[in-house]
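*Asks:* My file is input.cif. It has mmCIF, C-alpha atoms:
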data_protein
#
loop_
_atom_site.label_atom_id
_atom_site.label_comp_id
_atom_site.auth_asym_id
_atom_site.auth_seq_id
_atom_site.Cartn_x
_atom_site.Cartn_y
_atom_site.Cartn_z
CA MET A 1 0.00 0.00 0.00
CA THR A 2 1.36 3.39 -1.04
CA ASN A 3 1.01 6.32 1.32
CA SER A 4 0.37 9.69 -0.26
CA TYR A 5 1.62 12.83 1.44
CA LEU A 6 0.59 16.38 0.65
CA LEU A 7 3.13 19.14 1.15
CA TYR A 8 1.39 22.26 2.42
CA ILE A 9 3.00 25.71 2.53
CA ASP A 10 1.01 28.45 4.22
CA PRO A 11 0.50 31.69 2.20
CA GLY A 12 2.87 33.74 4.39
CA THR A 13 5.73 31.26 4.00
CA GLY A 14 4.99 30.90 0.30
CA SER A 15 5.17 34.66 -0.16
CA MET A 16 8.46 34.80 1.72
CA LEU A 17 9.95 31.98 -0.36
CA PHE A 18 8.80 33.65 -3.56
CA SER A 19 10.41 36.92 -2.44
CA ILE A 20 13.66 35.10 -1.68
CA LEU A 21 13.65 33.39 -5.09
CA ILE A 22 12.99 36.65 -6.92
CA GLY A 23 15.74 38.37 -4.94
CA ALA A 24 18.18 35.53 -5.61
CA ALA A 25 17.40 35.56 -9.32
CA ALA A 26 17.90 39.32 -9.51
CA THR A 27 21.14 39.07 -7.57
CA LEU A 28 22.46 36.35 -9.93
CA PHE A 29 21.51 38.49 -12.90
CA PHE A 30 23.50 41.50 -11.69
CA LEU A 31 26.39 39.32 -10.53
CA GLY A 32 26.50 37.91 -14.03
CA LYS A 33 26.58 41.40 -15.51
CA ALA A 34 29.41 42.36 -13.15
CA ALA A 35 31.39 39.22 -14.10
CA ILE A 36 31.00 39.94 -17.82
CA LEU A 37 32.14 43.51 -17.27
CA LYS A 38 35.25 42.34 -15.40
CA LEU A 39 36.09 39.90 -18.19
CA LYS A 40 35.77 42.68 -20.76
CA LEU A 41 38.10 44.87 -18.70
CA VAL A 42 40.64 42.05 -18.37
CA PHE A 43 40.69 41.25 -22.09
CA SER A 44 40.79 44.93 -23.04
CA GLY A 45 43.79 45.47 -20.79
CA LYS A 46 42.09 48.28 -18.82
CA LYS A 47 42.16 48.63 -15.07
CA GLY A 48 38.90 47.81 -13.37
CA SER A 49 38.22 51.18 -11.76
CA ALA A 50 34.68 52.39 -11.18
CA ALA A 51 35.28 55.44 -13.37
CA GLN A 52 36.07 53.16 -16.37
CA ASP A 53 32.98 51.03 -15.74
CA SER A 54 30.44 51.70 -18.49
CA SER A 55 27.64 51.38 -15.91
CA TYR A 56 29.21 54.04 -13.66
CA LYS A 57 26.90 56.88 -12.61
CA LYS A 58 28.38 59.98 -11.04
CA TYR A 59 25.28 61.12 -9.12
CA VAL A 60 22.44 58.79 -8.10
CA ILE A 61 19.20 59.19 -6.15
CA TYR A 62 17.17 56.22 -4.97
CA ASN A 63 13.48 56.81 -4.15
CA GLU A 64 11.75 53.94 -2.34
CA GLY A 65 8.23 55.38 -2.15
CA MET A 66 5.79 57.91 -3.59
CA GLN A 67 5.82 59.96 -0.36
CA TYR A 68 9.49 60.81 -0.81
CA TRP A 69 9.13 62.63 -4.12
CA ASN A 70 8.63 65.86 -2.13
CA VAL A 71 12.10 65.31 -0.65
CA PHE A 72 13.84 64.74 -3.97
CA LYS A 73 11.97 67.25 -6.13
CA PRO A 74 14.12 70.29 -5.14
CA VAL A 75 17.29 68.23 -5.67
CA CYS A 76 16.22 67.07 -9.14
CA GLU A 77 15.25 70.61 -10.11
CA GLU A 78 18.65 71.91 -9.01
CA PHE A 79 20.52 69.26 -11.06
CA GLU A 80 18.32 70.14 -14.04
CA LYS A 81 18.94 73.86 -13.55
CA ARG A 82 22.72 73.30 -13.49
CA GLN A 83 22.52 70.96 -16.49
CA ILE A 84 24.27 68.15 -14.61
CA GLU A 85 23.24 64.57 -15.33
CA LEU A 86 21.56 62.75 -12.44
CA THR A 87 20.42 59.12 -12.39
CA TYR A 88 17.12 58.80 -10.53
CA TYR A 89 16.33 55.19 -9.59
CA THR A 90 12.86 54.63 -8.21
CA SER A 91 10.73 51.81 -6.83
CA VAL A 92 7.59 53.77 -7.74
CA GLU A 93 6.29 52.74 -11.15
CA LYS A 94 4.30 55.98 -11.50
CA ASP A 95 6.89 58.23 -9.88
CA PRO A 96 6.10 61.94 -10.56
CA CYS A 97 9.68 62.32 -11.77
CA PHE A 98 8.67 60.64 -15.05
CA GLU A 99 6.18 63.47 -15.69
CA GLN A 100 8.69 66.31 -15.38
CA ASN A 101 10.24 65.97 -18.86
CA TYR A 102 13.72 66.58 -17.50
CA LYS A 103 16.65 66.58 -19.91
CA PHE A 104 19.45 65.96 -17.43
CA VAL A 105 17.62 63.97 -14.73
CA LYS A 106 17.22 60.39 -15.95
CA PRO A 107 14.47 58.46 -14.08
CA GLU A 108 14.41 54.65 -14.18
CA PHE A 109 12.02 52.23 -12.48
CA ILE A 110 14.07 49.41 -10.91
CA GLY A 111 11.34 47.40 -9.23
CA GLU A 112 10.47 47.07 -5.56
CA GLY A 113 11.97 45.27 -2.57
CA ASN A 114 14.60 42.64 -3.34
CA MET A 115 14.55 43.42 -7.06
CA ALA A 116 15.54 47.04 -6.38
CA PHE A 117 18.07 46.11 -3.70
CA ALA A 118 19.78 43.62 -6.03
CA LYS A 119 20.46 46.41 -8.51
CA LEU A 120 21.50 48.91 -5.83
CA ASN A 121 23.81 46.39 -4.15
CA MET A 122 25.79 46.03 -7.39
CA LEU A 123 25.76 49.75 -8.22
CA SER A 124 28.77 51.60 -9.58
CA ALA A 125 28.48 55.28 -8.64
CA GLY A 126 30.14 58.33 -7.17
CA VAL A 127 27.49 59.62 -4.72
CA VAL A 128 24.21 57.90 -3.82
CA LEU A 129 21.51 59.92 -2.02
CA MET A 130 18.55 58.23 -0.34
CA THR A 131 15.99 58.54 2.43
CA THR A 132 16.01 54.76 2.91
CA PRO A 133 17.51 53.78 6.29
CA GLY A 134 19.13 50.47 7.23
CA LEU A 135 22.08 50.52 4.84
CA GLN A 136 24.27 47.48 5.57
CA VAL A 137 21.70 46.31 8.17
CA TYR A 138 19.01 44.55 6.13
CA GLN A 139 18.85 43.63 2.42
CA LEU A 140 20.29 46.95 1.26
CA LYS A 141 24.09 46.60 1.24
CA ARG A 142 26.95 48.93 0.43
CA SER A 143 28.39 48.37 -3.03
CA LYS A 144 32.19 48.37 -3.15
CA ASN A 145 31.91 50.41 -6.34
CA VAL A 146 30.11 53.34 -4.68
CA LYS A 147 32.35 56.09 -3.36
CA HIS A 148 29.93 57.84 -0.99
CA TYR A 149 26.52 57.04 0.53
CA THR A 150 24.56 59.97 1.94
CA HIS A 151 21.26 59.90 3.81
CA VAL A 152 18.90 62.88 3.81
CA LEU A 153 16.40 63.16 6.67
CA HIS A 154 12.79 63.29 5.53
CA ALA A 155 11.36 64.96 8.62
CA ALA A 156 12.19 67.98 10.74
CA SER A 157 12.45 65.92 13.92
CA ASP A 158 14.99 63.78 15.78
CA ALA A 159 17.55 61.95 13.67
CA THR A 160 17.41 59.07 16.17
CA MET A 161 13.76 58.18 15.50
CA TYR A 162 14.74 55.52 12.98
CA ARG A 163 14.63 51.82 13.70
CA LEU A 164 17.85 50.59 15.32
CA PHE A 165 21.06 51.26 13.36
CA GLY A 166 19.06 53.08 10.68
CA ILE A 167 21.75 55.58 9.67
CA ASP A 168 24.87 54.03 11.24
CA TYR A 169 26.62 52.93 8.05
CA PHE A 170 26.18 55.95 5.80
CA ASP A 171 29.17 58.13 5.01
CA SER A 172 27.18 61.27 5.67
CA VAL A 173 23.79 62.43 6.96
CA LEU A 174 22.14 65.62 5.69
CA LEU A 175 20.27 67.37 8.49
CA SER A 176 17.48 69.90 8.78
CA GLY A 177 18.92 71.56 11.91
CA ASP A 178 22.05 71.73 14.07
CA TYR A 179 20.28 70.19 17.08
CA GLN A 180 20.27 66.78 15.35
CA LYS A 181 24.06 66.42 15.45
CA ALA A 182 24.63 65.78 19.16
CA ASP A 183 22.54 62.61 19.44
CA ILE A 184 24.15 61.07 16.34
CA ARG A 185 27.61 61.68 17.80
CA ILE A 186 26.60 60.06 21.10
CA LEU A 187 25.42 56.92 19.28
CA GLU A 188 28.59 56.77 17.17
CA LYS A 189 30.74 56.88 20.28
CA GLN A 190 28.57 54.40 22.16
CA ARG A 191 28.55 51.91 19.27
CA ASP A 192 32.20 52.50 18.38
CA ILE A 193 31.46 53.20 14.72
CA LYS A 194 33.07 55.60 12.28
CA GLN A 195 31.99 59.22 12.50
CA LYS A 196 29.82 60.41 9.62
CA GLU A 197 29.87 63.79 7.97
CA LEU A 198 26.95 65.73 9.42
CA VAL A 199 25.87 68.63 7.23
CA VAL A 200 22.90 70.94 7.78
CA VAL A 201 21.17 71.48 4.42
CA GLY A 202 17.60 72.26 5.49
CA CYS A 203 14.40 70.33 4.86
CA PRO A 204 13.70 69.80 1.16
CA TYR A 205 10.24 68.31 1.58
CA LEU A 206 9.08 71.30 3.66
CA ASP A 207 10.45 73.59 0.94
CA THR A 208 8.33 71.65 -1.57
CA LEU A 209 5.19 71.68 0.58
CA LYS A 210 5.53 75.40 1.24
CA GLN A 211 5.53 76.11 -2.50
CA LYS A 212 2.52 73.87 -3.03
CA MET A 213 0.60 75.33 -0.12
CA GLU A 214 1.12 78.90 -1.31
CA ALA A 215 -0.50 77.90 -4.60
CA VAL A 216 -3.66 76.54 -2.90
CA PRO A 217 -6.41 79.22 -2.88
CA ALA A 218 -8.05 80.16 0.40
CA GLU A 219 -11.54 78.79 1.05
CA GLU A 220 -14.59 80.98 0.59
CA ASN A 221 -17.24 80.72 3.32
CA HIS A 222 -14.77 78.86 5.50
CA PRO A 223 -16.35 76.79 8.33
CA PHE A 224 -14.42 76.25 11.57
CA THR A 225 -12.46 73.04 10.97
CA VAL A 226 -10.65 70.57 13.21
CA LEU A 227 -8.03 68.31 11.61
CA VAL A 228 -7.44 64.96 13.32
CA SER A 229 -4.13 63.65 12.03
CA PRO A 230 -2.56 60.86 14.10
CA SER A 231 0.30 58.44 13.76
CA TRP A 232 -0.42 54.71 13.53
CA GLY A 233 -0.13 51.75 15.90
CA GLU A 234 -1.63 50.72 19.21
CA SER A 235 -0.53 53.90 20.98
CA ALA A 236 -1.79 56.23 18.24
CA LEU A 237 -4.86 58.42 18.53
CA LEU A 238 -7.39 56.59 16.35
CA SER A 239 -6.42 53.12 17.56
CA LYS A 240 -6.45 54.05 21.20
CA TYR A 241 -9.50 56.33 21.37
CA GLY A 242 -11.45 56.10 18.08
CA GLU A 243 -15.14 56.76 18.77
CA LYS A 244 -14.39 58.23 22.21
CA LEU A 245 -12.79 61.22 20.50
CA LEU A 246 -14.67 61.38 17.19
CA ASP A 247 -18.20 61.21 18.65
CA PRO A 248 -17.89 64.39 20.75
CA LEU A 249 -15.99 66.14 17.96
CA LEU A 250 -18.85 65.50 15.51
CA ASN A 251 -21.36 66.70 18.10
CA THR A 252 -19.74 70.15 17.98
CA GLY A 253 -21.24 70.67 14.52
CA TRP A 254 -17.86 71.81 13.20
CA ARG A 255 -16.28 70.34 10.10
CA ILE A 256 -14.01 67.46 11.14
CA ILE A 257 -11.32 66.19 8.78
CA VAL A 258 -9.74 62.86 9.72
CA ARG A 259 -6.45 62.10 7.98
CA PRO A 260 -5.23 58.59 8.97
CA HIS A 261 -1.55 57.79 8.70
CA PRO A 262 -0.80 56.10 5.33
CA GLN A 263 0.40 52.99 7.17
CA SER A 264 -3.00 52.62 8.85
CA LYS A 265 -4.58 51.52 5.57
CA LYS A 266 -2.17 48.59 5.54
CA SER A 267 -1.79 47.75 9.23
CA GLU A 268 -5.08 48.93 10.77
CA LYS A 269 -7.64 48.33 8.04
CA GLU A 270 -10.14 46.70 10.40
CA MET A 271 -10.13 49.74 12.70
CA LEU A 272 -10.56 52.17 9.78
CA ASP A 273 -13.35 50.07 8.26
CA ARG A 274 -15.17 50.09 11.60
CA LEU A 275 -14.93 53.87 11.97
CA THR A 276 -15.83 54.51 8.33
CA GLU A 277 -18.97 52.40 8.70
CA ARG A 278 -19.92 54.14 11.95
CA TYR A 279 -19.73 57.63 10.44
CA LYS A 280 -20.87 56.95 6.88
CA THR A 281 -23.92 59.20 7.30
CA SER A 282 -22.12 62.02 9.12
CA ASP A 283 -22.26 65.13 6.97
CA ASN A 284 -19.55 67.01 8.86
CA LEU A 285 -16.86 64.30 8.80
CA ILE A 286 -14.41 64.05 5.89
CA TRP A 287 -11.84 61.27 5.45
CA ASP A 288 -8.64 62.49 3.80
CA TYR A 289 -6.42 59.97 1.98
CA GLU A 290 -4.75 62.45 -0.38
CA ARG A 291 -1.02 61.95 -0.99
CA ASP A 292 -0.20 65.49 0.15
CA ASN A 293 -1.39 66.75 3.53
CA ILE A 294 -1.33 70.44 2.59
CA TYR A 295 -4.98 70.69 1.51
CA SER A 296 -6.40 69.55 4.84
CA MET A 297 -3.82 71.54 6.76
CA LYS A 298 -4.73 74.75 4.94
CA LYS A 299 -8.47 74.18 5.50
CA SER A 300 -8.17 73.55 9.24
CA ASP A 301 -8.08 75.99 12.15
CA ILE A 302 -6.58 73.63 14.71
CA MET A 303 -5.05 70.15 14.64
CA ILE A 304 -5.35 67.26 17.10
CA SER A 305 -2.60 64.64 16.95
CA ASP A 306 -0.42 62.39 19.13
CA PHE A 307 3.30 61.81 18.48
CA SER A 308 3.08 62.10 14.69
CA GLY A 309 5.68 64.12 12.81
CA ILE A 310 2.87 65.92 10.97
CA ILE A 311 2.68 68.17 14.04
CA TYR A 312 5.83 69.91 12.86
CA ASP A 313 4.66 70.13 9.24
CA TYR A 314 1.51 71.84 10.50
CA THR A 315 3.32 74.09 12.95
CA PHE A 316 6.02 75.24 10.55
CA LEU A 317 3.87 75.59 7.43
CA CYS A 318 0.61 76.90 8.90
CA ASP A 319 1.57 78.57 12.19
CA LYS A 320 -1.68 77.40 13.79
CA PRO A 321 -2.32 75.87 17.24
CA VAL A 322 -1.87 72.14 17.84
CA MET A 323 -3.49 69.95 20.49
CA TYR A 324 -1.94 66.60 21.34
CA VAL A 325 -3.16 63.59 23.28
CA ASN A 326 -0.22 62.38 25.31
CA ALA A 327 0.73 58.86 24.32
CA GLN A 328 3.70 56.86 25.54
CA LEU A 329 5.67 55.75 22.51
CA ASP A 330 7.77 52.65 23.12
CA LEU A 331 11.25 53.73 22.03
CA ARG A 332 12.86 50.30 22.28
CA PRO A 333 12.82 49.63 18.51
CA TYR A 334 14.37 53.04 17.80
CA ASP A 335 17.88 54.49 17.96
CA ALA A 336 16.61 57.01 20.51
CA TYR A 337 16.32 54.22 23.06
CA ASP A 338 20.08 53.71 23.05
CA LEU A 339 20.90 57.29 23.92
CA THR A 340 22.48 57.62 27.36
CA GLY A 341 23.20 60.21 29.99
CA GLU A 342 21.53 63.59 30.03
CA ASN A 343 20.02 63.16 26.54
CA ASN A 344 17.56 60.43 27.44
CA GLU A 345 15.44 58.91 30.15
CA ARG A 346 15.48 55.52 28.44
CA ASN A 347 11.96 54.37 27.65
CA ASN A 348 9.84 57.49 28.01
CA GLY A 349 11.59 59.84 25.65
CA LYS A 350 11.11 62.91 27.82
CA ASP A 351 14.31 64.45 26.58
CA ILE A 352 13.87 63.61 22.89
CA TRP A 353 13.68 66.94 21.03
CA GLN A 354 10.36 66.34 19.34
CA PHE A 355 8.63 65.47 22.62
CA THR A 356 10.07 68.29 24.70
CA THR A 357 9.32 70.74 21.87
CA LEU A 358 5.76 69.44 21.53
CA LYS A 359 5.12 70.31 25.17
CA LYS A 360 6.25 73.87 24.47
CA ILE A 361 4.35 74.53 21.25
CA GLY A 362 1.30 72.28 21.77
CA ILE A 363 -1.71 72.17 24.07
CA GLU A 364 -2.30 68.86 25.83
CA LEU A 365 -5.74 67.31 25.44
CA LYS A 366 -6.66 64.78 28.12
CA GLN A 367 -9.15 61.96 27.72
CA GLU A 368 -11.35 63.29 30.51
CA GLN A 369 -11.81 66.45 28.41
CA PHE A 370 -13.25 64.64 25.38
CA ASP A 371 -16.89 64.98 26.45
CA ASN A 372 -16.42 68.73 26.84
CA ILE A 373 -14.22 69.11 23.80
CA LYS A 374 -16.03 72.06 22.17
CA GLU A 375 -15.41 74.29 25.17
CA VAL A 376 -11.85 72.96 25.53
CA ILE A 377 -11.01 73.88 21.92
CA GLN A 378 -12.68 77.27 22.17
CA GLN A 379 -10.64 78.05 25.27
CA ALA A 380 -7.44 76.78 23.66
CA SER A 381 -7.16 79.93 21.62
CA ASP A 382 -3.86 80.96 20.17
CA SER A 383 -1.57 83.26 22.10
CA GLN A 384 1.44 85.43 21.38
CA GLU A 385 3.54 83.21 23.61
CA LEU A 386 2.62 80.06 21.65
CA ALA A 387 3.30 81.84 18.37
CA GLN A 388 6.78 82.84 19.55
CA LEU A 389 7.53 79.29 20.70
CA ARG A 390 6.41 77.92 17.33
CA LYS A 391 8.75 80.35 15.56
CA ALA A 392 11.66 79.35 17.81
CA ALA A 393 11.05 75.65 17.06
CA LYS A 394 10.85 76.35 13.32
CA ASP A 395 14.10 78.32 13.36
CA GLU A 396 15.78 75.42 15.15
CA ALA A 397 14.46 72.54 13.05
CA TRP A 398 14.04 74.07 9.57
CA MET A 399 17.27 75.87 8.84
CA ASN A 400 18.26 77.11 5.39
CA GLU A 401 14.59 77.49 4.49
CA GLY A 402 13.87 77.34 0.78
CA LYS A 403 17.45 76.43 -0.17
CA ALA A 404 17.79 72.73 0.71
CA GLY A 405 17.92 71.58 -2.92
CA GLN A 406 20.86 73.87 -3.67
CA ALA A 407 22.71 72.82 -0.51
CA ILE A 408 22.26 69.09 -1.23
CA VAL A 409 23.52 69.40 -4.80
CA ASP A 410 26.49 71.47 -3.61
CA PHE A 411 27.34 68.73 -1.14
CA MET A 412 27.02 65.89 -3.67
CA ILE A 413 29.25 67.71 -6.15
CA SER A 414 31.84 68.38 -3.45
CA LYS A 415 32.18 64.64 -2.83
CA ILE A 416 33.27 64.10 -6.45
CA GLU A 417 35.26 67.23 -7.21
#
Can the structure in the file be given as structure tokens, please?
*Replies:*
Amino acid sequence: MTNSYLLYIDPGTGSMLFSILIGAAATLFFLGKAAILKLKLVFSGKKGSAAQDSSYKKYVIYNEGMQYWNVFKPVCEEFEKRQIELTYYTSVEKDPCFEQNYKFVKPEFIGEGNMAFAKLNMLSAGVVLMTTPGLQVYQLKRSKNVKHYTHVLHAASDATMYRLFGIDYFDSVLLSGDYQKADIRILEKQRDIKQKELVVVGCPYLDTLKQKMEAVPAEENHPFTVLVSPSWGESALLSKYGEKLLDPLLNTGWRIIVRPHPQSKKSEKEMLDRLTERYKTSDNLIWDYERDNIYSMKKSDIMISDFSGIIYDYTFLCDKPVMYVNAQLDLRPYDAYDLTGENNERNNGKDIWQFTTLKKIGIELKQEQFDNIKEVIQQASDSQELAQLRKAAKDEAWMNEGKAGQAIVDFMISKIE
């Protein structure tokens, strides 16, 4: 009697195996290309330097997601203005860069995930600029044929709010403000790693959003509007409070715009579906899933958030009051957790810049105030003191305003010349 056995692979494992196979195939492909190139160099009698490599690119940008186009747009425009060729690799098939009709900026879709990393890992280039963290930590590895890797921050907040070791192995980090330097130096010393070049260039994505926002016309017959714009995860505003906050807000009769974090659509779909169903007949609630946050920010009079970085976008671009619901963010997965001494209180982040600054420029909203939220918001009127504190925070975190693209290109050129 013959026994028959069925081999079952669950969907998650199957997806992982498929990803590994695709990555391995892509890696073999580029390894093969590299081997052929070396053979050509050997038989031609030329030395195998990167500069003689026909695939060599002097300046390269890698964009991993649609949301980072606002970061790279000023840089691309500056390369185009100077008529200097730039290779723009992207994992976004419909990247806005393709629509710009640049002559000197050359966009190329290189796939997503392992497919993109396989190409990047075999890259031959002078300077590579990216927002992607985790170089030499996960799948993204340093290529021996790249002279300089530089990371540009994509938020005007702490440089240590990346997942562990996020920026450790870059040659340089481009900052939005001087205050970000000290914590990076502490981590370098603590981890006994090579010091990076730390250069303040400004915040390119805020430069982009400012231009876009200035082009948005003001509303006619503007109703008082509250923008609810949280982060995502168990500690975030919508996950933690949901109906407890939105019900009393809707009862005010004001226009309420809810802008979930983009990650919520992937990681918290059940929660969003529940809330969407609950408020599907509410005339004064609007769900905002637009790529850019500027439209909702311009329409609103006050914002309620938690520990989301959008607080600083709103503060710096709109100069309007912010209310925050205090939430304890677990810092253990982040570089900030490893800070020691006077710069940290380990797991509560009291001395992390973005939390201490939030307490200065924001107005805390407590859960026991939800039922009386209309009066609380009306009493939380703006003040000259808050306005001055917002300006001080902006001056500290958004240096070189409007000139980040120029500064980044200057830096990239300096690494070659």
*Asks:* Residues near segment 155-169 of chain A, anyone? I mean within 6 Å using all atoms listed in the file, not counting same-chain ones fewer than 2 positions away, as a list in words.
*Replies:*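 Counting only the stated atoms, we get Pro133, Gly134, Leu153, Ser176, Gln180, Pro333, Tyr334, Asp335, Ala336, Gln354 and Ala397 of chain A.
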*Asks:* Please list as a PyMOL selection string every residue within 10 Å of segment 358-374 of chain A, counting all atoms listed in the file and excluding residues in the same chain fewer than 5 positions away.
*Replies:* chain A and resi 241+244-254+303-307+311-312+315+320-326+350+353+379-382+385-393
*Asks:* Might you spell out which residues the PyMOL selection byres ((chain A and resi 220-230) around 9) would select in the displayed file, as a PDB file with C-alpha atoms, in the frame of the given file?
*Replies:*
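expr-v5.pdb written:
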ATOM      1  CA  ALA A 218      -8.050  80.160   0.400  1.00  0.00           C
ATOM      2  CA  GLU A 219     -11.540  78.790   1.050  1.00  0.00           C
ATOM      3  CA  SER A 231       0.300  58.440  13.760  1.00  0.00           C
ATOM      4  CA  TRP A 232      -0.420  54.710  13.530  1.00  0.00           C
ATOM      5  CA  ALA A 236      -1.790  56.230  18.240  1.00  0.00           C
ATOM      6  CA  LEU A 237      -4.860  58.420  18.530  1.00  0.00           C
ATOM      7  CA  LEU A 238      -7.390  56.590  16.350  1.00  0.00           C
ATOM      8  CA  LEU A 246     -14.670  61.380  17.190  1.00  0.00           C
ATOM      9  CA  LEU A 249     -15.990  66.140  17.960  1.00  0.00           C
ATOM     10  CA  TRP A 254     -17.860  71.810  13.200  1.00  0.00           C
ATOM     11  CA  ARG A 255     -16.280  70.340  10.100  1.00  0.00           C
ATOM     12  CA  ILE A 256     -14.010  67.460  11.140  1.00  0.00           C
ATOM     13  CA  ILE A 257     -11.320  66.190   8.780  1.00  0.00           C
ATOM     14  CA  VAL A 258      -9.740  62.860   9.720  1.00  0.00           C
ATOM     15  CA  ARG A 259      -6.450  62.100   7.980  1.00  0.00           C
ATOM     16  CA  PRO A 260      -5.230  58.590   8.970  1.00  0.00           C
ATOM     17  CA  HIS A 261      -1.550  57.790   8.700  1.00  0.00           C
ATOM     18  CA  SER A 296      -6.400  69.550   4.840  1.00  0.00           C
ATOM     19  CA  MET A 297      -3.820  71.540   6.760  1.00  0.00           C
ATOM     20  CA  LYS A 299      -8.470  74.180   5.500  1.00  0.00           C
ATOM     21  CA  SER A 300      -8.170  73.550   9.240  1.00  0.00           C
ATOM     22  CA  ASP A 301      -8.080  75.990  12.150  1.00  0.00           C
ATOM     23  CA  ILE A 302      -6.580  73.630  14.710  1.00  0.00           C
ATOM     24  CA  MET A 303      -5.050  70.150  14.640  1.00  0.00           C
ATOM     25  CA  ILE A 304      -5.350  67.260  17.100  1.00  0.00           C
ATOM     26  CA  SER A 305      -2.600  64.640  16.950  1.00  0.00           C
ATOM     27  CA  ASP A 306      -0.420  62.390  19.130  1.00  0.00           C
ATOM     28  CA  PHE A 307       3.300  61.810  18.480  1.00  0.00           C
ATOM     29  CA  SER A 308       3.080  62.100  14.690  1.00  0.00           C
ATOM     30  CA  GLY A 309       5.680  64.120  12.810  1.00  0.00           C
ATOM     31  CA  ILE A 310       2.870  65.920  10.970  1.00  0.00           C
ATOM     32  CA  ILE A 311       2.680  68.170  14.040  1.00  0.00           C
TER      33      ILE A 311
END
*Asks:* Excluding Phe104 of chain A and residues on its chain fewer than 5 positions from it, collect all residues at most 7 Å away from it, counting only C-alpha atoms, and give them as a list in words.
*Replies:*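 Surrounding residues, per the criterion: Glu80, Gln83, Ile84, Glu85 and Leu86 of chain A.
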*Asks:* Just C-alpha atoms for this one: save the residues we selected as a short mmCIF file (atom, residue, chain, number, x, y, z; two decimals), in the coordinates of the input.
*Replies:*
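In the end it all went to result-v3.cif:
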data_model
loop_
_atom_site.label_atom_id
_atom_site.label_comp_id
_atom_site.auth_asym_id
_atom_site.auth_seq_id
_atom_site.Cartn_x
_atom_site.Cartn_y
_atom_site.Cartn_z
CA GLU A 80 18.32 70.14 -14.04
CA GLN A 83 22.52 70.96 -16.49
CA ILE A 84 24.27 68.15 -14.61
CA GLU A 85 23.24 64.57 -15.33
CA LEU A 86 21.56 62.75 -12.44
#
*Asks:* With only C-alpha atoms as the basis for distance, which of A:Tyr62, A:Trp287, A:Phe355, A:Phe316 is at the shortest distance from Leu272 of chain A?
*Replies:*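 That would be A:Trp287, the residue with the smallest distance to Leu272 of chain A.
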*Asks:* Go ahead and compute the interatomic distance for atom CA of Tyr179 of chain A and atom CA of Gly202 of chain A, in Å to one decimal.
*Replies:*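 If I compute the distance from atom CA of Tyr179 of chain A to atom CA of Gly202 of chain A, I get 12.1 Å.
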*Asks:* Need the neighbours of (26.4, 62.0, 10.1): which residues are at most 8 Å away, counting only C-alpha atoms, as a list in words?
*Replies:*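 Collected hits near the coordinates: Ile167, Phe170, Asp171, Ser172, Val173, Leu174, Lys181, Ile184, Arg185, Gln195, Lys196, Glu197, Leu198 and Val199 of chain A.
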*Asks:* Please, what distance in Å, to one decimal, runs between atom CA of Leu123 of chain A and atom CA of Val60 of chain A?
*Replies:*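 Atom CA of Leu123 of chain A sits 9.6 Å away from atom CA of Val60 of chain A.
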*Asks:* Measuring between only C-alpha atoms, which one of A:Asp178, A:Asp283, A:Glu108, A:Asp319 shows the shortest distance to Ser383 of chain A?
*Replies:*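 Answer, going by the shortest atom-to-atom distance: A:Asp319.
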*Asks:* Leaving out Phe109 of chain A and any residue of its chain fewer than 5 positions from it, which residues lie within 12 Å of it when counting all atoms listed in the file, given as JSON, numbers by chain?
*Replies:* {"A": [61, 62, 63, 64, 65, 87, 88, 89, 90, 91, 92, 93, 94, 95, 96, 97, 98, 115, 116, 119]}
*Asks:* Which residues match the PyMOL selection byres ((chain A and resi 208) around 10) in the file above, as a ChimeraX atom specification?
*Replies:* /A:69-74,203-207,209-213,402,404-405
*Asks:* How far is it from atom CA of Met399 of chain A to atom CA of Arg82 of chain A, in Å with one decimal?
*Replies:*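 Rounded to one decimal, the two atoms are 23.1 Å apart.
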*Asks:* Report as an NGL selection string all protein, DNA and RNA residues lying within 7 Å of Ile408 of chain A, evaluated on only C-alpha atoms, omitting residues in the same chain fewer than 4 positions from it.
*Replies:* :A and (75 or 201 or 404 or 412)
*Asks:* Would you mind telling me which residue in A:Val376, A:Ile286, A:Val137, A:Val146 lies nearest to Asn121 of chain A when using all atoms listed in the file?
*Replies:*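 Checking each of A:Val376, A:Ile286, A:Val137, A:Val146 against Asn121 of chain A, counting all atoms listed in the file, the winner is A:Val146.
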